[in-house]
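**Q** Could you have a look at this structure, given as structure tokens, before my questions?
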Amino acid sequence: MSVLSDDPYGHSAEKSRYLSAPRRPDFTLDQDWGSYSAAEHDRWDRLFARAQSVLKGRACDEFLSALKTLQLSASGIPDLEKLSARLHPITGWQIVPVAELVPDDIFFDHLAHRRFPAGAFIRPEHEMDYLQEPDIFHDVFGHVPLLANPVYADFMQAYGEGGLRALEFGRLKNLAALYWYTVEFGLIRTDKGLKVYGAGILSSATEVKHAIEDTDVERLPFEAMKVMRRP
């Protein structure tokens with residue numbers, strides 16, 4: 001399959017393939033792993049190698065250990081069904097493919113039932129360094145490994161349950177801030193120093209170094225109420 005070009009509506013062809021695919025009421029769809037091109041698999045491998053090159057000494061040990069446990073490697077885009085088969089016996093979680101960001105209530109319901117929605121498309125070549133919407137590399141490389149950690153896995157389920165309650169009380173903004181400053185961009189102090197565990201950092205080689213080493217980063221102690229009130 002040849003490398004695909006952008007469509008005229010602002011979506012990359014990689015993503016448009018999934019946007020046009022049949023989806024279930026819970027917004028999941030078939031990953032159709034065999035449809036990925038050699039170029040897309042190569043893109044995953046390069047993203048993986050670049051991230052791996054900066055993780056040692058910067059990512060938390062739990063994440064690095066989980067990468068090995070789940071056999072995430074530079075061997076092409078993972079088959080999410082096979083990855084779920086390795087993850088589920090450990091913590092009861094599975095990864096479900098979606099085309100794009102799903103509605104809040106659907107997202108929280110998935111988490112509450114130990115299902116992590118992962119974008120099935122991979123970013124186009126011209127967005128290798130930055131893309132606005134999470135793709136399969138961000139979701140699977142950044143988020144999935146720590147779902148093999150029992151403490152993190154329980155937190156994510158509780159977050160899903162809390163999110164459903166937050167919707168009832170109109171407090172989604174607070175829960176969104178909590179997610180942003182922990183699950184996406186969290187740092188953790190360990191006996192080996194400050195380490196990364198947030199998926200938005202882990203899935204970006206540039207951000208890993210920036211978050212840990214640059215002097216212009218604001219790093220604040222975690223206080224739940226302050227976090228949930230922070231813009």
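The way I read the labels, and the way they are meant: chains A, B, ... in the order of the structure tokens, residue 1 as the first residue of every chain, and ligand 1 as the first ligand shown, with later ones counted on from there.
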Could you give me, as a PyMOL selection string, each residue of region 19-200 of chain A that DSSP assigns to strand (DSSP E or B) when run on this structure's backbone?

**A** chain A and resi 28+59+94-98+115-119+187-190+193-196

**Q** Give me the region 61-154 of chain A side of the contact with region 202-211 of chain A, cut-off 9 Å, one line per residue showing its nearest atom pair and distance in Å at one decimal, counting only C-alpha atoms, sorted by chain and residue number, as JSON lines.

**A**
{"residue": "A:Asp129", "atom": "CA", "partner": "A:Ser204", "partner_atom": "CA", "distance": 7.6}
{"residue": "A:Tyr130", "atom": "CA", "partner": "A:Ser204", "partner_atom": "CA", "distance": 8.3}
{"residue": "A:Phe137", "atom": "CA", "partner": "A:Ser203", "partner_atom": "CA", "distance": 7.1}
{"residue": "A:His138", "atom": "CA", "partner": "A:Ser203", "partner_atom": "CA", "distance": 5.3}
{"residue": "A:Asp139", "atom": "CA", "partner": "A:Ser203", "partner_atom": "CA", "distance": 8.3}
{"residue": "A:Val140", "atom": "CA", "partner": "A:Ser203", "partner_atom": "CA", "distance": 9.0}
{"residue": "A:Phe141", "atom": "CA", "partner": "A:Ser203", "partner_atom": "CA", "distance": 6.3}
{"residue": "A:Gly142", "atom": "CA", "partner": "A:Ser203", "partner_atom": "CA", "distance": 4.9}
{"residue": "A:His143", "atom": "CA", "partner": "A:Ser203", "partner_atom": "CA", "distance": 8.6}

**Q** Excluding same-chain residues fewer than 2 positions from Phe222 (chain A), what lies within 9 Å of it counting only C-alpha atoms, as an MDAnalysis selection string?

**A** chainID A and resid 181:182 220 224 226:227

**Q** Tell me, as a count of residues only, which residues lie within 12 Å of Trp33 (chain A), counting only C-alpha atoms; anything in the same chain fewer than 6 positions away does not count.

**A** 15

**Q** Given only C-alpha atoms as the basis, pick out the residue of A:Ser73, A:Ser65, A:Gln132, A:Gln157 nearest to Pro145 (chain A).

**A** A:Ser65

**Q** Let me make sure I understand: among A:Val217, A:Ala99, A:Ala85, A:Met156, which one has the smallest atom-to-atom distance to Glu14 (chain A) if we use only C-alpha atoms?

**A**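 So, comparing all the options, the nearest one is A:Ala99.
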
**Q** Please report the interatomic distance between CA of His126 (chain A) and CA of Gly200 (chain A) in Å with one decimal.

**A**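 Distance between the two atoms: 18.9 Å.
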
**Q** Name the closest residue to Ile95 (chain A) among the candidates A:Val144, A:Ala49, A:Val151, A:Leu167; distances are taken between atoms, counting only C-alpha atoms.

**A**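 So, comparing all the options, the nearest one is A:Val144.
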
**Q** Give me, as a PyMOL selection string, all polymer residues having an atom no more than 10 Å from Ala112 (chain A), counting only C-alpha atoms and skipping those fewer than 2 positions away in the same chain.

**A** chain A and resi 106-110+114-116+154-164

**Q** Kindly save the residues from that selection, with N, CA and C atoms included, as a short mmCIF file (atom, residue, chain, number, x, y, z; two decimals), in the first residue's frame.

**A**
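The result, written out as selection_23.cif:
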data_model
loop_
_atom_site.label_atom_id
_atom_site.label_comp_id
_atom_site.auth_asym_id
_atom_site.auth_seq_id
_atom_site.Cartn_x
_atom_site.Cartn_y
_atom_site.Cartn_z
N ILE A 106 -19.13 8.39 27.09
CA ILE A 106 -18.65 7.12 26.53
C ILE A 106 -17.24 6.83 27.03
N PHE A 107 -16.40 7.84 27.05
CA PHE A 107 -15.02 7.67 27.52
C PHE A 107 -14.99 7.20 28.97
N PHE A 108 -15.74 7.87 29.84
CA PHE A 108 -15.74 7.49 31.25
C PHE A 108 -16.31 6.09 31.46
N ASP A 109 -17.33 5.75 30.68
CA ASP A 109 -17.91 4.42 30.81
C ASP A 109 -16.91 3.34 30.42
N HIS A 110 -16.15 3.59 29.37
CA HIS A 110 -15.10 2.63 29.00
C HIS A 110 -14.11 2.46 30.15
N ARG A 114 -12.90 -0.85 32.66
CA ARG A 114 -11.53 -1.28 32.35
C ARG A 114 -11.31 -1.50 30.86
N ARG A 115 -11.79 -0.55 30.08
CA ARG A 115 -11.53 -0.53 28.64
C ARG A 115 -10.90 0.81 28.30
N PHE A 116 -9.74 0.76 27.66
CA PHE A 116 -9.08 2.02 27.29
C PHE A 116 -9.27 2.28 25.81
N ASP A 154 -6.14 0.49 38.91
CA ASP A 154 -7.29 0.77 39.79
C ASP A 154 -7.65 2.25 39.76
N PHE A 155 -6.62 3.12 39.72
CA PHE A 155 -6.89 4.55 39.66
C PHE A 155 -7.66 4.91 38.41
N MET A 156 -7.27 4.34 37.27
CA MET A 156 -7.92 4.68 36.02
C MET A 156 -9.38 4.21 36.01
N GLN A 157 -9.66 3.06 36.61
CA GLN A 157 -11.05 2.63 36.71
C GLN A 157 -11.84 3.59 37.61
N ALA A 158 -11.24 3.95 38.75
CA ALA A 158 -11.90 4.88 39.68
C ALA A 158 -12.11 6.23 39.01
N TYR A 159 -11.17 6.63 38.17
CA TYR A 159 -11.33 7.91 37.46
C TYR A 159 -12.53 7.84 36.52
N GLY A 160 -12.70 6.73 35.85
CA GLY A 160 -13.86 6.57 34.98
C GLY A 160 -15.16 6.65 35.75
N GLU A 161 -15.20 5.99 36.90
CA GLU A 161 -16.40 6.03 37.73
C GLU A 161 -16.65 7.44 38.25
N GLY A 162 -15.57 8.12 38.65
CA GLY A 162 -15.69 9.49 39.12
C GLY A 162 -16.12 10.44 38.02
N GLY A 163 -15.67 10.17 36.81
CA GLY A 163 -16.05 11.01 35.68
C GLY A 163 -17.54 10.95 35.40
N LEU A 164 -18.11 9.76 35.51
CA LEU A 164 -19.56 9.63 35.30
C LEU A 164 -20.33 10.42 36.35
#

**Q** Counting only C-alpha atoms, what is within 9 Å of Thr190 (chain A), bar same-chain residues fewer than 4 positions away, as a PyMOL selection string?

**A** chain A and resi 60+194-195

**Q** Give me the residues within 7 Å of region 169-180 of chain A as a VMD selection string, counting only C-alpha atoms and dropping any in the same chain fewer than 3 places off.

**A** chain A and resid 163 165 to 166 183 to 185 227 to 230

**Q** Here is a test: counting only C-alpha atoms, which residue of A:Leu87, A:Leu111, A:Leu101, A:Leu146 is nearest to Lys15 (chain A)?

**A**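 Of all the options, A:Leu101 lies closest to Lys15 (chain A).
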
**Q** Among region 47-197 of chain A, which residues does DSSP mark as helix (DSSP H, G or I) when it is run on the backbone? Keep the chain and numbering as in the structure and answer as a PyMOL selection string.

**A** chain A and resi 47-55+61-69+80-91+104-112+125-127+136-143+145-148+150-169+172-184

**Q** Enter the distance from CA of Val96 (chain A) to CA of Val54 (chain A), in Å, rounded to one decimal.

**A**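 So the two atoms, CA of Val96 (chain A) and CA of Val54 (chain A), lie 28.1 Å apart.
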